[in-house]
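Peer 1: Dumping the structure here so I can ask a few things about it.
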Amino acid sequence: MSELLLSTWTFATIANAAAWPALQAGGGALDAVVAGATAIEDDETVDCVGVGGTPDADGVVALDACVMTDPNRCGAVADIRHYPNPTAIARRVMEKTIHVMLVGEGAEQFAAREGFQKRTLLTEAARQRWLKWRQEHGPNDPNGYRGWVPPPNIEHAAHQSTEPGDPPSHDTVSLLARDRAGTLAGACSTSGMAFKVPGRVGDSPIIGHGVYVDQRAGAAAATGNGELIMGVCGSFLVVELMRQGAGPQDACAEVLRRIAERFELERNHQVAFIAIASQARGGAWASAALRPGFVHVISDERGTRVEPPHFTLLKS
Ligand code: SD4
């Protein structure tokens with residue numbers, strides 16, 4: 001089976017550049033998704049993952065991530081505030097504990113014991129974004145938490161006309177890889193929704209929501225508004241539909257339809273999925289988005305390309 005690395009949003013070219021050479025040279029799928037996510041986490045210019053990520057409403061950067069290769073092989077962390085590489089910590093949770101998910105202080109103690117190095121996650125650029133947001137929509141907003149308008153996600157804003165001054169928001173790197181042996185792996189890493197209510201955790205680190213991998217059926221990963229994805233167990237459902245015979249594009253499209261049917265969508269709501277069918281199911285891959293604006297990054301035998309999704313549900 002030929003190697004494949006599929007990831008979300010333009011900035012994932014950083015991930016593919018870091019991870020593709022080793023994958024193409026025969027490296028493992030799990031190594032590839034962790035290396036790709038780590039490269040983005042370490043890049044301060046990416047304002048939604050790792051160092052440089054956008055903080056919560058209190059100005060605190062809180063990172064979430066997970067990795068998965070099969071139902072019995074997955075790891076996750078959430079609310080990581082002092083360590084830049086939550087994906088590598090999630091992998092360590094999978095490999096070194098009997099658990100799937102560690103959060104907050106306990107996750108950070110685990111990271112310290114495992115030798116991960118602390119680093120300040122809030123950059124000056126992110127602090128300035130937060131100060132601007134706080135001035136405009138801060139916690140004194142008379143509507144309370146519900147009055148906090150979810151800002152448009154960065155890539156959506158870049159492709160659509162949005163209100164001037166809308167702050168950029170939630171984006172996430174989700175990665176799926178297939179190695180030479182045909183093994184699939186998935187990872188997802190994010191600083192979550194910009195200016196989120198402190199303590200909020202989205203889909204990204206939750207197995208079945210942000211990522212799901214079953215070597216017998218396929219792999220899927222999500223990006224976009226976590227609350228919408230969580231309402232339908234998004235990534236799990238994509239894989240489950242592939243298990244039932246759908247191709248990856250139809251499976252992603254069906255889950256997006258389910259979201260559109262069951263939520264009152266707002267202008268800024270975006271969701272996208274990437275998916276790869278298992279070897280036994282033909283190995284095809286696809287991406288699909290709720291609205292225009294999403295792009296995936298694909299590396300395969302033809303090289304690395306940034307492309308629009310195969311399917312978009314809504315026109316705008
Ligand atoms: C979250 N799904 O925390 C993430 C954010 C994201 O594109 O993917 N934005 O809800």
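Scheme for the structure tokens: letters A, B, ... for chains in order shown; per-chain residue numbers from 1; ligand numbers from 1 in order shown.
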With only C-alpha atoms as the counted atoms, please give the residues lying no more than 8 Å from segment 272-275 of chain A, apart from itself and same-chain residues fewer than 6 positions off, as a PyMOL selection string.
Peer 2: chain A and resi 6-8+176+218-224+235+238-239+248-249+252+256+285-290+294+296
Peer 1: Asp300 of chain A: which residues within 9 Å, counting only C-alpha atoms, same-chain residues fewer than 2 positions away excluded, as a PyMOL selection string?
Peer 2: chain A and resi 2-6+20+24+298+302-305
Peer 1: Which parts of segment 104-312 of chain A does DSSP call alpha helix (DSSP H) when run on the backbone here, written out as an NGL selection string?
Peer 2: :A and (104-113 or 124-137 or 154-159 or 226-231 or 234-243 or 248-262)
Peer 1: Restrict the calculation to only C-alpha atoms and all ligand atoms, then for each residue of chain A with any atom at most 6 Å from an atom of ligand 1 give the closest atom pair and their distance in Å to one decimal, rows by chain and rising residue number, as a Markdown table.
Peer 2:
| residue | atom | partner | partner_atom_place_in_ligand_line | distance |
| --- | --- | --- | --- | --- |
| A:His170 | CA | ligand 1 | 9 (N) | 3.8 |
| A:Asp171 | CA | ligand 1 | 7 (O) | 2.9 |
| A:Thr172 | CA | ligand 1 | 8 (O) | 4.0 |
| A:Gly192 | CA | ligand 1 | 3 (O) | 3.3 |
| A:Met193 | CA | ligand 1 | 3 (O) | 4.8 |
| A:Gly202 | CA | ligand 1 | 3 (O) | 4.0 |
| A:Asp203 | CA | ligand 1 | 2 (N) | 5.4 |
| A:Ser204 | CA | ligand 1 | 2 (N) | 5.1 |
| A:Thr223 | CA | ligand 1 | 8 (O) | 3.5 |
| A:Gly224 | CA | ligand 1 | 7 (O) | 3.4 |
| A:Asn225 | CA | ligand 1 | 10 (O) | 4.5 |
| A:Gly226 | CA | ligand 1 | 10 (O) | 3.1 |
Peer 1: So which one's closest to Ala65 of chain A, A:Gln117, A:Thr190, A:Thr38, A:Thr45? Using only C-alpha atoms, please.
Peer 2: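 Selected residue with least distance to Ala65 of chain A: A:Thr190.
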